[in-house]
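Data from input.cif: mmCIF, C-alpha atoms and all ligand atoms
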```
data_final
#
loop_
_atom_site.label_atom_id
_atom_site.label_comp_id
_atom_site.auth_asym_id
_atom_site.auth_seq_id
_atom_site.Cartn_x
_atom_site.Cartn_y
_atom_site.Cartn_z
CA MET V 219 -94.05 -15.01 74.03
CA ARG V 220 -90.42 -13.89 74.09
CA THR V 221 -87.44 -15.01 72.06
CA GLN V 222 -84.03 -13.66 71.14
CA VAL V 223 -84.27 -13.68 67.33
CA ALA V 224 -87.65 -13.72 65.59
CA ILE V 225 -87.23 -15.11 62.07
CA ILE V 226 -89.79 -14.22 59.41
CA GLY V 227 -89.85 -16.87 56.69
CA GLY V 228 -89.17 -20.61 56.84
CA GLY V 229 -87.40 -21.09 53.51
CA PRO V 230 -83.73 -22.06 53.34
CA SER V 231 -82.51 -18.73 54.82
CA GLY V 232 -84.81 -18.74 57.84
CA LEU V 233 -84.36 -22.42 58.63
CA LEU V 234 -80.57 -22.39 58.28
CA LEU V 235 -80.34 -19.30 60.47
CA SER V 236 -82.52 -20.92 63.10
CA GLN V 237 -80.44 -24.10 62.95
CA LEU V 238 -77.11 -22.26 63.37
CA LEU V 239 -78.37 -19.99 66.16
CA ASN V 240 -79.96 -22.78 68.18
CA LYS V 241 -76.74 -24.73 67.99
CA ILE V 242 -74.99 -21.93 69.90
CA GLY V 243 -77.85 -21.56 72.36
CA VAL V 244 -79.59 -18.54 70.82
CA GLU V 245 -83.37 -18.91 70.92
CA THR V 246 -85.42 -18.35 67.79
CA VAL V 247 -88.99 -18.53 66.55
CA VAL V 248 -89.58 -19.04 62.81
CA LEU V 249 -92.83 -17.64 61.39
CA GLU V 250 -93.73 -19.10 58.00
CA ARG V 251 -96.83 -18.13 56.10
CA GLN V 252 -97.18 -21.41 54.18
CA THR V 253 -97.64 -24.96 55.38
CA ARG V 254 -94.59 -27.17 55.61
CA GLU V 255 -95.96 -29.38 52.80
CA TYR V 256 -96.21 -26.34 50.52
CA VAL V 257 -92.64 -25.20 51.28
CA LEU V 258 -91.35 -28.73 50.60
CA SER V 259 -93.15 -29.01 47.27
CA ARG V 260 -91.40 -26.00 45.71
CA ILE V 261 -88.81 -27.00 43.12
CA ARG V 262 -85.90 -24.59 43.18
CA ALA V 263 -82.20 -24.48 42.33
CA GLY V 264 -79.73 -27.30 42.79
CA VAL V 265 -76.11 -26.14 42.84
CA LEU V 266 -74.26 -25.54 46.12
CA GLU V 267 -70.94 -23.70 46.28
CA TRP V 268 -68.32 -25.44 48.40
CA GLY V 269 -68.62 -22.74 51.09
CA SER V 270 -72.33 -23.57 51.30
CA VAL V 271 -71.52 -27.27 51.60
CA GLU V 272 -69.14 -26.58 54.46
CA LEU V 273 -71.61 -24.37 56.29
CA LEU V 274 -74.34 -27.03 56.01
CA ARG V 275 -71.88 -29.51 57.50
CA LYS V 276 -71.10 -27.10 60.34
CA ALA V 277 -74.83 -26.70 60.93
CA GLY V 278 -75.19 -30.48 61.28
CA VAL V 279 -77.55 -30.90 58.33
CA ALA V 280 -75.25 -32.49 55.76
CA SER V 281 -75.49 -36.25 56.21
CA ARG V 282 -78.02 -36.85 53.41
CA MET V 283 -76.32 -34.26 51.18
CA ASP V 284 -72.96 -35.99 51.69
CA LYS V 285 -74.55 -39.35 50.83
CA ASP V 286 -76.81 -38.38 47.92
CA GLY V 287 -75.30 -35.14 46.60
CA LEU V 288 -73.21 -35.20 43.43
CA ALA V 289 -69.87 -33.39 43.67
CA HIS V 290 -69.00 -31.83 40.31
CA GLU V 291 -65.48 -30.83 39.36
CA GLY V 292 -66.43 -28.97 36.21
CA ALA V 293 -69.16 -27.89 33.79
CA LEU V 294 -69.54 -27.81 30.02
CA PHE V 295 -70.22 -24.75 27.90
CA ALA V 296 -71.42 -25.12 24.32
CA SER V 297 -72.26 -22.80 21.44
CA GLU V 298 -73.30 -23.87 17.97
CA ASN V 299 -69.70 -24.13 16.82
CA ASN V 300 -67.59 -24.33 19.93
CA GLN V 301 -67.46 -26.23 23.22
CA PHE V 302 -65.29 -26.18 26.29
CA ARG V 303 -65.17 -27.58 29.79
CA VAL V 304 -64.30 -25.44 32.77
CA ASP V 305 -62.38 -27.55 35.24
CA PHE V 306 -63.23 -26.01 38.63
CA LYS V 307 -60.93 -28.36 40.49
CA ALA V 308 -57.89 -27.64 38.33
CA MET V 309 -58.59 -23.88 38.22
CA CYS V 310 -59.49 -23.22 41.87
CA ASP V 311 -59.12 -26.49 43.72
CA LYS V 312 -62.83 -26.41 44.55
CA MET V 313 -65.98 -28.17 43.38
CA VAL V 314 -69.72 -27.61 43.57
CA MET V 315 -72.33 -29.98 45.01
CA ILE V 316 -75.49 -30.85 43.10
CA TYR V 317 -78.22 -31.16 45.72
CA GLY V 318 -81.74 -29.79 45.37
CA GLN V 319 -82.80 -26.84 47.49
CA THR V 320 -85.99 -28.76 48.24
CA GLU V 321 -83.96 -31.60 49.77
CA MET V 322 -81.82 -29.17 51.71
CA THR V 323 -84.95 -27.52 53.11
CA ARG V 324 -86.33 -30.95 54.10
CA ASP V 325 -83.06 -31.73 55.93
CA LEU V 326 -83.31 -28.42 57.76
CA TYR V 327 -86.90 -29.02 58.86
CA GLU V 328 -85.95 -32.48 60.13
CA ALA V 329 -82.91 -31.17 62.02
CA GLN V 330 -85.01 -28.41 63.57
CA ASP V 331 -87.60 -30.97 64.69
CA LYS V 332 -84.83 -32.96 66.37
CA ILE V 333 -83.52 -29.95 68.32
CA GLY V 334 -87.10 -28.97 69.09
CA THR V 335 -87.00 -25.38 67.83
CA LYS V 336 -90.14 -23.32 67.42
CA ILE V 337 -91.48 -23.12 63.87
CA VAL V 338 -94.94 -21.71 63.28
CA ASN V 339 -96.34 -22.65 59.86
CA SER V 340 -99.48 -21.05 58.37
CA ALA V 341 -98.73 -17.80 60.26
CA GLU V 342 -100.85 -15.00 58.78
CA ASN V 343 -100.40 -11.23 58.76
CA VAL V 344 -96.89 -11.44 60.15
CA PHE V 345 -95.72 -7.90 60.93
CA PRO V 346 -92.54 -6.62 62.60
CA SER V 347 -92.86 -3.45 64.74
CA ASP V 348 -90.77 -1.08 66.90
CA LEU V 349 -87.70 -1.99 64.89
CA GLU V 350 -85.97 1.29 65.72
CA THR V 351 -86.24 0.67 69.46
CA GLY V 352 -84.32 -1.77 71.66
CA SER V 353 -87.44 -3.89 72.09
CA PRO V 354 -88.93 -4.86 68.72
CA TYR V 355 -91.73 -7.37 68.36
CA VAL V 356 -93.46 -9.37 65.66
CA SER V 357 -97.22 -9.89 65.58
CA TYR V 358 -99.05 -12.59 63.63
CA GLU V 359 -102.32 -14.45 63.45
CA LYS V 360 -103.04 -18.13 63.34
CA GLU V 361 -106.41 -19.85 63.24
CA GLY V 362 -108.13 -16.60 64.06
CA ARG V 363 -106.03 -15.83 67.17
CA GLU V 364 -103.54 -12.97 67.49
CA TYR V 365 -100.02 -13.47 68.86
CA ARG V 366 -97.07 -11.27 69.69
CA ILE V 367 -93.42 -12.26 69.96
CA ASP V 368 -91.10 -9.85 71.77
CA CYS V 369 -87.49 -10.21 70.73
CA ASP V 370 -84.03 -8.63 70.53
CA PHE V 371 -83.72 -8.88 66.74
CA VAL V 372 -85.85 -9.64 63.70
CA ALA V 373 -84.42 -11.57 60.75
CA GLY V 374 -86.26 -10.86 57.50
CA CYS V 375 -85.88 -14.18 55.67
CA ASP V 376 -89.21 -13.97 53.87
CA GLY V 377 -88.09 -13.91 50.25
CA PHE V 378 -88.75 -11.38 47.51
CA HIS V 379 -92.51 -11.14 48.15
CA GLY V 380 -92.20 -10.93 51.93
CA ILE V 381 -93.17 -8.18 54.31
CA SER V 382 -89.77 -7.44 55.88
CA ARG V 383 -88.16 -5.33 53.18
CA THR V 384 -91.31 -3.25 52.73
CA VAL V 385 -91.37 -2.07 56.36
CA ILE V 386 -88.10 -0.19 55.80
CA PRO V 387 -89.36 3.33 55.00
CA LYS V 388 -89.00 4.20 51.31
CA ASN V 389 -86.65 7.10 52.06
CA SER V 390 -84.35 4.79 54.04
CA ARG V 391 -83.79 2.20 51.31
CA ARG V 392 -82.63 2.14 47.72
CA GLU V 393 -83.63 -0.56 45.29
CA PHE V 394 -81.67 -1.49 42.17
CA GLU V 395 -83.41 -3.59 39.57
CA LYS V 396 -82.85 -5.06 36.14
CA THR V 397 -85.35 -7.25 34.35
CA TYR V 398 -84.52 -9.43 31.38
CA PRO V 399 -86.76 -9.84 28.32
CA PHE V 400 -87.16 -13.62 28.72
CA GLY V 401 -87.85 -16.36 31.22
CA TRP V 402 -86.74 -19.94 31.88
CA LEU V 403 -89.05 -22.84 31.20
CA GLY V 404 -87.95 -25.62 33.58
CA VAL V 405 -88.78 -29.32 33.46
CA LEU V 406 -88.06 -32.00 36.04
CA SER V 407 -88.19 -35.54 34.72
CA GLU V 408 -87.47 -39.01 36.06
CA THR V 409 -84.89 -39.78 33.42
CA PRO V 410 -81.10 -40.24 33.64
CA PRO V 411 -79.33 -36.90 33.04
CA VAL V 412 -77.90 -36.50 29.55
CA SER V 413 -74.43 -35.68 30.89
CA ASP V 414 -72.42 -36.30 34.05
CA GLU V 415 -71.82 -32.56 34.28
CA LEU V 416 -74.04 -29.53 33.67
CA ILE V 417 -74.23 -28.24 30.09
CA TYR V 418 -74.80 -24.50 29.56
CA ALA V 419 -75.71 -24.00 25.88
CA LEU V 420 -75.77 -20.76 23.89
CA HIS V 421 -77.90 -21.23 20.78
CA ASP V 422 -79.44 -19.01 18.13
CA ARG V 423 -82.89 -20.23 19.24
CA GLY V 424 -82.07 -19.33 22.85
CA PHE V 425 -80.25 -20.65 25.89
CA ALA V 426 -80.60 -24.21 27.19
CA LEU V 427 -79.33 -25.84 30.37
CA ALA V 428 -79.00 -29.54 31.15
CA SER V 429 -78.86 -30.07 34.90
CA MET V 430 -79.82 -32.81 37.32
CA ARG V 431 -80.81 -33.72 40.85
CA THR V 432 -79.80 -37.39 41.03
CA ALA V 433 -78.67 -40.21 38.70
CA MET V 434 -82.34 -40.76 37.84
CA LEU V 435 -83.72 -37.23 38.00
CA SER V 436 -82.98 -34.62 35.32
CA ARG V 437 -83.61 -30.90 35.37
CA TYR V 438 -83.66 -29.03 32.06
CA TYR V 439 -84.30 -25.39 31.20
CA LEU V 440 -85.04 -23.45 28.01
CA GLN V 441 -84.97 -19.70 27.48
CA VAL V 442 -88.48 -18.62 26.39
CA PRO V 443 -90.09 -15.24 25.63
CA LEU V 444 -91.76 -13.64 28.65
CA ALA V 445 -95.23 -13.92 27.14
CA GLU V 446 -94.91 -17.68 26.66
CA LYS V 447 -97.73 -19.76 28.15
CA LEU V 448 -97.07 -23.00 29.99
CA GLN V 449 -100.04 -24.74 28.35
CA ASP V 450 -98.39 -24.25 24.94
CA TRP V 451 -95.48 -26.44 26.01
CA ASP V 452 -96.44 -30.09 26.11
CA ASP V 453 -93.62 -32.52 26.83
CA ASP V 454 -93.04 -33.38 23.16
CA ARG V 455 -92.50 -29.74 22.26
CA PHE V 456 -90.15 -29.28 25.20
CA TRP V 457 -87.93 -32.26 24.32
CA ALA V 458 -87.83 -31.36 20.63
CA GLU V 459 -86.74 -27.80 21.43
CA LEU V 460 -84.18 -28.95 23.99
CA LYS V 461 -82.63 -31.31 21.42
CA ARG V 462 -82.35 -28.46 18.93
CA ARG V 463 -80.42 -26.31 21.38
CA LEU V 464 -78.10 -28.84 23.05
CA PRO V 465 -74.82 -29.79 21.38
CA VAL V 466 -75.41 -32.55 18.77
CA LYS V 467 -73.82 -35.40 20.76
CA ALA V 468 -75.89 -34.63 23.84
CA ALA V 469 -79.06 -34.13 21.79
CA GLU V 470 -78.63 -37.60 20.28
CA THR V 471 -78.38 -39.28 23.67
CA VAL V 472 -80.89 -37.33 25.76
CA THR V 473 -83.45 -39.64 27.41
CA THR V 474 -86.94 -38.18 27.25
CA GLY V 475 -89.87 -39.02 29.52
CA PRO V 476 -92.90 -37.47 31.16
CA SER V 477 -92.27 -34.25 33.04
CA ILE V 478 -93.08 -34.33 36.76
CA GLU V 479 -92.86 -30.55 37.14
CA LYS V 480 -92.95 -27.75 34.60
CA SER V 481 -92.87 -24.03 35.25
CA ILE V 482 -91.81 -20.69 33.76
CA ALA V 483 -89.85 -18.17 35.83
CA PRO V 484 -88.92 -14.63 34.76
CA LEU V 485 -85.31 -13.49 35.18
CA ARG V 486 -84.49 -10.52 37.34
CA SER V 487 -81.59 -8.86 39.17
CA PHE V 488 -82.57 -6.91 42.28
CA VAL V 489 -80.73 -5.48 45.29
CA CYS V 490 -82.09 -3.58 48.30
CA GLU V 491 -79.65 -1.36 50.21
CA PRO V 492 -79.11 -1.34 53.12
CA MET V 493 -79.86 -4.85 54.35
CA ARG V 494 -80.43 -3.59 57.88
CA TRP V 495 -82.87 -1.18 59.40
CA GLY V 496 -82.72 -0.73 63.18
CA ARG V 497 -83.16 -4.20 64.63
CA LEU V 498 -84.32 -5.72 61.34
CA PHE V 499 -81.77 -7.65 59.27
CA LEU V 500 -82.60 -8.94 55.78
CA CYS V 501 -81.15 -12.26 54.59
CA GLY V 502 -81.54 -14.00 51.22
CA ASP V 503 -84.18 -13.30 48.60
CA SER V 504 -85.85 -10.64 50.77
CA ALA V 505 -82.86 -8.40 49.97
CA HIS V 506 -81.73 -9.58 46.55
CA ILE V 507 -82.63 -11.63 43.51
CA VAL V 508 -80.30 -12.89 40.81
CA PRO V 509 -81.13 -14.57 37.50
CA PRO V 510 -80.51 -18.33 37.86
CA THR V 511 -77.79 -18.48 35.21
CA GLY V 512 -74.91 -18.47 37.71
CA ALA V 513 -76.76 -20.64 40.29
CA LYS V 514 -76.14 -18.00 42.94
CA GLY V 515 -79.56 -17.33 44.60
CA LEU V 516 -79.44 -20.01 47.26
CA ASN V 517 -75.71 -19.60 47.83
CA LEU V 518 -76.06 -15.87 48.47
CA ALA V 519 -78.83 -16.56 50.96
CA ILE V 520 -76.47 -18.95 52.73
CA SER V 521 -73.61 -16.43 52.90
CA ASP V 522 -75.95 -13.71 54.26
CA VAL V 523 -77.10 -16.12 56.94
CA TYR V 524 -73.50 -16.90 57.80
CA TYR V 525 -72.59 -13.20 58.25
CA PHE V 526 -75.70 -12.54 60.35
CA TYR V 527 -75.15 -15.64 62.46
CA GLN V 528 -71.57 -14.54 63.15
CA ALA V 529 -72.76 -11.05 64.11
CA ILE V 530 -75.42 -12.42 66.47
CA SER V 531 -72.95 -14.83 67.99
CA GLU V 532 -70.53 -11.94 68.63
CA PHE V 533 -73.36 -9.95 70.21
CA TYR V 534 -74.49 -12.61 72.70
CA ARG V 535 -71.07 -14.09 73.43
CA GLN V 536 -68.94 -10.94 73.61
CA GLY V 537 -71.53 -8.21 73.97
CA SER V 538 -70.18 -6.62 70.78
CA GLN V 539 -72.34 -4.68 68.27
CA HIS V 540 -69.48 -4.60 65.80
CA GLY V 541 -70.66 -7.48 63.60
CA LEU V 542 -74.25 -6.24 63.56
CA ASP V 543 -73.14 -2.74 62.56
CA GLY V 544 -71.01 -4.13 59.73
CA TYR V 545 -73.53 -6.74 58.53
CA SER V 546 -75.15 -4.82 55.70
CA SER V 547 -71.99 -3.46 54.10
CA LYS V 548 -70.17 -6.79 54.44
CA ALA V 549 -73.04 -8.81 52.96
CA LEU V 550 -73.58 -6.30 50.14
CA VAL V 551 -70.00 -6.65 48.87
CA ARG V 552 -70.57 -10.35 48.24
CA VAL V 553 -74.12 -9.74 46.98
CA TRP V 554 -72.97 -7.29 44.29
CA ARG V 555 -70.21 -9.64 43.15
CA ALA V 556 -72.76 -12.43 42.67
CA VAL V 557 -75.20 -10.01 41.02
CA ARG V 558 -72.46 -9.00 38.60
CA PHE V 559 -71.50 -12.62 37.83
CA SER V 560 -75.12 -13.72 37.30
CA TRP V 561 -75.75 -10.72 35.02
CA TRP V 562 -72.58 -11.52 33.08
CA MET V 563 -73.44 -15.22 32.66
CA THR V 564 -76.94 -14.22 31.57
CA ASN V 565 -75.60 -11.82 28.95
CA LEU V 566 -73.04 -14.33 27.74
CA LEU V 567 -75.47 -17.20 27.21
CA HIS V 568 -78.86 -15.76 26.15
CA ARG V 569 -80.01 -14.33 22.85
CA PHE V 570 -81.75 -10.99 23.49
CA PRO V 571 -84.74 -9.98 21.34
CA ASP V 572 -83.18 -6.61 20.48
CA GLN V 573 -79.67 -7.95 19.93
CA SER V 574 -78.04 -6.41 16.84
CA GLU V 575 -75.69 -8.34 14.58
CA PHE V 576 -72.86 -6.41 16.17
CA ASP V 577 -73.99 -7.56 19.65
CA GLN V 578 -74.16 -11.16 18.44
CA ARG V 579 -70.64 -11.04 17.03
CA ILE V 580 -69.38 -9.65 20.36
CA GLN V 581 -71.24 -12.37 22.26
CA ASN V 582 -69.83 -15.16 20.07
CA CYS V 583 -66.39 -13.59 20.30
CA GLU V 584 -66.57 -13.52 24.10
CA PHE V 585 -67.67 -17.16 24.19
CA ASP V 586 -64.76 -18.17 21.95
CA TYR V 587 -62.35 -16.07 23.98
CA ILE V 588 -63.30 -17.92 27.17
CA ALA V 589 -62.97 -21.23 25.32
CA SER V 590 -59.41 -20.32 24.38
CA SER V 591 -58.19 -18.56 27.53
CA ARG V 592 -57.15 -20.24 30.75
CA ALA V 593 -57.28 -16.88 32.53
CA ALA V 594 -60.90 -16.31 31.45
CA GLN V 595 -61.89 -19.84 32.49
CA LYS V 596 -60.23 -19.33 35.84
CA SER V 597 -62.25 -16.19 36.43
CA LEU V 598 -65.46 -18.00 35.51
CA ALA V 599 -64.54 -20.93 37.75
CA GLU V 600 -63.61 -18.71 40.71
CA ASN V 601 -67.02 -17.04 40.62
CA TYR V 602 -68.98 -20.21 39.88
CA VAL V 603 -67.56 -22.20 42.81
CA GLY V 604 -68.15 -19.17 45.01
CA LEU V 605 -66.07 -16.23 46.16
CA PRO V 606 -64.75 -16.54 49.73
CA TYR V 607 -66.89 -15.34 52.66
N1 LIG L 701 -94.76 -14.00 56.52
C1 LIG L 701 -94.19 -15.20 56.77
N2 LIG L 701 -93.50 -15.90 55.84
C2 LIG L 701 -93.40 -15.36 54.62
C3 LIG L 701 -93.98 -14.11 54.30
C4 LIG L 701 -94.67 -13.42 55.31
N3 LIG L 701 -95.24 -12.22 55.08
N4 LIG L 701 -93.69 -13.83 53.01
C5 LIG L 701 -92.98 -14.86 52.55
N5 LIG L 701 -92.80 -15.80 53.50
C6 LIG L 701 -92.09 -17.08 53.40
C7 LIG L 701 -92.31 -17.81 52.08
O1 LIG L 701 -93.50 -18.59 52.11
C8 LIG L 701 -91.06 -18.66 51.97
O2 LIG L 701 -91.22 -19.94 52.52
O3 LIG L 701 -90.70 -16.83 53.42
C9 LIG L 701 -90.01 -17.90 52.77
C10 LIG L 701 -88.93 -17.32 51.91
O4 LIG L 701 -88.23 -18.37 51.28
P1 LIG L 701 -87.50 -18.20 49.86
O5 LIG L 701 -88.34 -17.42 48.95
O6 LIG L 701 -87.07 -19.56 49.44
O7 LIG L 701 -86.24 -17.28 50.20
P2 LIG L 701 -84.89 -17.62 50.98
O8 LIG L 701 -85.15 -18.48 52.18
O9 LIG L 701 -84.17 -16.34 51.15
O10 LIG L 701 -84.12 -18.58 49.98
C11 LIG L 701 -83.26 -18.13 49.00
O11 LIG L 701 -82.43 -19.04 46.93
O12 LIG L 701 -82.38 -20.30 45.00
C12 LIG L 701 -82.84 -19.16 45.57
O13 LIG L 701 -84.89 -18.02 45.16
C13 LIG L 701 -84.32 -19.19 45.59
O14 LIG L 701 -85.77 -19.66 47.39
C14 LIG L 701 -84.53 -19.49 47.06
C15 LIG L 701 -83.55 -18.56 47.62
C1 LIG L 702 -80.72 -26.32 38.54
O1 LIG L 702 -80.29 -27.49 38.53
O2 LIG L 702 -81.87 -26.07 38.91
C2 LIG L 702 -79.82 -25.23 38.09
C3 LIG L 702 -78.50 -25.50 37.82
C4 LIG L 702 -77.66 -24.49 37.39
C5 LIG L 702 -78.16 -23.21 37.23
C6 LIG L 702 -79.49 -22.94 37.52
C7 LIG L 702 -80.33 -23.95 37.96
O3 LIG L 702 -77.33 -22.24 36.79
#
```

Transcribe the structure of this file into structure tokens.
Amino acid sequence: MRTQVAIIGGGPSGLLLSQLLNKIGVETVVLERQTREYVLSRIRAGVLEWGSVELLRKAGVASRMDKDGLAHEGALFASENNQFRVDFKAMCDKMVMIYGQTEMTRDLYEAQDKIGTKIVNSAENVFPSDLETGSPYVSYEKEGREYRIDCDFVAGCDGFHGISRTVIPKNSRREFEKTYPFGWLGVLSETPPVSDELIYALHDRGFALASMRTAMLSRYYLQVPLAEKLQDWDDDRFWAELKRRLPVKAAETVTTGPSIEKSIAPLRSFVCEPMRWGRLFLCGDSAHIVPPTGAKGLNLAISDVYYFYQAISEFYRQGSQHGLDGYSSKALVRVWRAVRFSWWMTNLLHRFPDQSEFDQRIQNCEFDYIASSRAAQKSLAENYVGLPY
């Protein structure tokens, strides 16, 4: 089989790329190792920057998001003795959209079905080859048969644990990593959210976040030590701990109920440079990971896809390599800015096990400074709603 762009990975990056490229007449094949049901059962982030919202509209996959998504003009930040609201709209004239990544992925699959693009689920042993030549190909197996897709370009959209990044020879890539000494315990519950806007809470017992998916679906997170075991957290313990960490007024009104999903995720910052090797281009989590504190993971994947889509469009429409040659450095500028912001938010809002009393005073002081400074809130807002592409 032959195609123009072979896409490894059918998560949000791979599907959005396929959607955008097919709309301009560029042929793609998406190779996804999991079944569609599996991909659509993963609960992930839920905050879209306005640039992401606009790109999803341009891609023709926004009708359900525009109907069911919740546009938020601000978010609340609370510590044990201070609280403030950052008004994104007043600060930057932008908002964010609350819409689950799972729903966005479902919309993309449905849109792809309508156009009739090629998506291979349950593809095993996917492997890109001859990436340094003008005629790369991707091999894979399915149901015991071997296949080969010849192509012009390979998009590595296969997430952090994918194959794409690892085929770049070790001496041709640099990896930058920071791990954090805690994880997030997340709960999804069919209860009305405690607040109309997200609450990010800094507490002596650890960070807490009150988020949501819809008017009847809440998403909450607690900072927990890395060694924590999921089975030690029944629902009662989770709600009791959440109430301790949220500001008093919110804690008094939180509606509890059975959890419908519960998981622990470690926090990590990671960047691979460059994001291109020969005819292989990395997009999304395959090239970088951010801790969820700034809600940037999905949005960065979307901006990578946008840059790559533009470069491919320039290549087929104008015969220009310019965009492709500039892809990695252009994408990495935005990646590092989001990595910095996510690291900063993480440091601002979590208690660290080795934090000295000096460090705690500095942390509280920074929190109070942001509460009192319009300039500091504007900087937070500008990054949270998303830096321009
Ligand atoms: N072959 C084929 N597919 C693979 C392979 C492989 N070797 N390895 C991984 N995949 C698939 C995964 O099963 C997954 O569906 O690639 C997909 C990658 O999807 P994500 O991990 O969701 O990464 P991405 O599409 O870049 O999305 C960005 O934003 O909020 C963040 O981390 C969150 O998933 C989110 C991400
Ligand atoms: C979520 O709703 O899943 C969410 C929201 C904000 C974050 C991280 C996750 O910063």

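Using only C-alpha atoms and all ligand atoms as the basis for the distance check, residues found within 6 Å of ligand LIG 702 (chain L) are Ala263, Gly264, Val265, Ser429, Met430, Arg437, Pro510, Thr511, Gly512 and Ala513 of chain V.
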
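Going from CA of Asp414 (chain V) over to CA of Ser487 (chain V), you cover 29.4 Å.
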
### Query
Which residues sit within 8 Å of ligand LIG 701 (chain L), counting all atoms listed in the file, listed as a PyMOL selection string?
chain V and resi 226-233+249-252+257+262-264+319+341-345+375-382+501-504+507+510+513-520

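Interatomic distance, CA of Glu298 (chain V) to CA of Ala426 (chain V): 11.8 Å.
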
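Our summary of the geometry notes that CA of Leu266 (chain V) is positioned 5.0 Å from CA of Met315 (chain V).
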
### Query
Restricting the calculation to all atoms listed in the file, which member of V:Ala280, V:Val472, V:Met434, V:Val553 is positioned closest to Phe488 (chain V)?
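Residue with the minimum atom-to-atom distance to Phe488 (chain V): V:Val553.
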
### Query
Which is closest to Arg423 (chain V) among V:Leu460, V:Val248, V:Ala594, V:Met309, if we use all atoms listed in the file?
V:Leu460

What are the nearest atom pairs, with distances in Å to one decimal, for all residues of region 496-598 of chain V that come at most 10 Å from region 272-277 of chain V, using all atoms listed in the file, set out by chain and rising residue number as a tab-separated table?
```
residue	atom	partner	partner_atom	distance
V:Ile520	CA	V:Leu273	CA	8.1
V:Ser521	CA	V:Leu273	CA	8.9
V:Val523	CA	V:Leu273	CA	9.9
V:Tyr524	CA	V:Leu273	CA	7.9
```

### Message
For a quick check of understanding, using all atoms listed in the file, which of V:Thr432, V:Gln330, V:Thr351, V:Ser590 has the smallest distance to Leu288 (chain V)?
### Response
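Looking at the shortest contact to Leu288 (chain V), the residue is V:Thr432.
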
Taking every listed atom of region 513-528 of chain V and adding 3 Å to each side, what centre and edge lengths in Å (one decimal) does the axis-aligned box have, as AutoDock Vina command-line options?
```
--center_x -75.6 --center_y -16.6 --center_z 51.7 --size_x 14.0 --size_y 14.1 --size_z 28.9
```

#### Entry: Selected residue, from V:Ser340, V:Lys461, V:Glu575, V:Gly537, that lies nearest to Glu255 (chain V) when counting all atoms listed in the file
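Comparing V:Ser340, V:Lys461, V:Glu575, V:Gly537 against Glu255 (chain V), the winner is V:Ser340.
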
Fill-in result for region 430-441 of chain V, N, CA and C atoms as a CSV table (one decimal), keeping the file's coordinate frame:
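For reference, out20.csv as written:
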```
chain,number,residue,atom,x,y,z
V,430,MET,N,-79.4,-31.5,36.7
V,430,MET,CA,-79.8,-32.8,37.3
V,430,MET,C,-80.1,-32.6,38.8
V,431,ARG,N,-80.7,-33.6,39.4
V,431,ARG,CA,-80.8,-33.7,40.8
V,431,ARG,C,-80.1,-35.0,41.4
V,432,THR,N,-80.4,-36.1,40.7
V,432,THR,CA,-79.8,-37.4,41.0
V,432,THR,C,-79.5,-38.1,39.7
V,433,ALA,N,-79.0,-39.4,39.9
V,433,ALA,CA,-78.7,-40.2,38.7
V,433,ALA,C,-79.9,-40.6,37.9
V,434,MET,N,-81.1,-40.4,38.5
V,434,MET,CA,-82.3,-40.8,37.8
V,434,MET,C,-83.3,-39.6,37.8
V,435,LEU,N,-82.8,-38.4,38.0
V,435,LEU,CA,-83.7,-37.2,38.0
V,435,LEU,C,-83.0,-36.1,37.3
V,436,SER,N,-83.6,-35.7,36.1
V,436,SER,CA,-83.0,-34.6,35.3
V,436,SER,C,-83.7,-33.3,35.5
V,437,ARG,N,-83.0,-32.2,35.3
V,437,ARG,CA,-83.6,-30.9,35.4
V,437,ARG,C,-83.1,-30.2,34.1
V,438,TYR,N,-84.0,-29.7,33.3
V,438,TYR,CA,-83.7,-29.0,32.1
V,438,TYR,C,-84.3,-27.7,32.0
V,439,TYR,N,-83.7,-26.7,31.4
V,439,TYR,CA,-84.3,-25.4,31.2
V,439,TYR,C,-84.1,-24.9,29.8
V,440,LEU,N,-85.1,-24.1,29.3
V,440,LEU,CA,-85.0,-23.4,28.0
V,440,LEU,C,-85.4,-22.0,28.2
V,441,GLN,N,-84.6,-21.1,27.5
V,441,GLN,CA,-85.0,-19.7,27.5
V,441,GLN,C,-86.2,-19.6,26.6
```
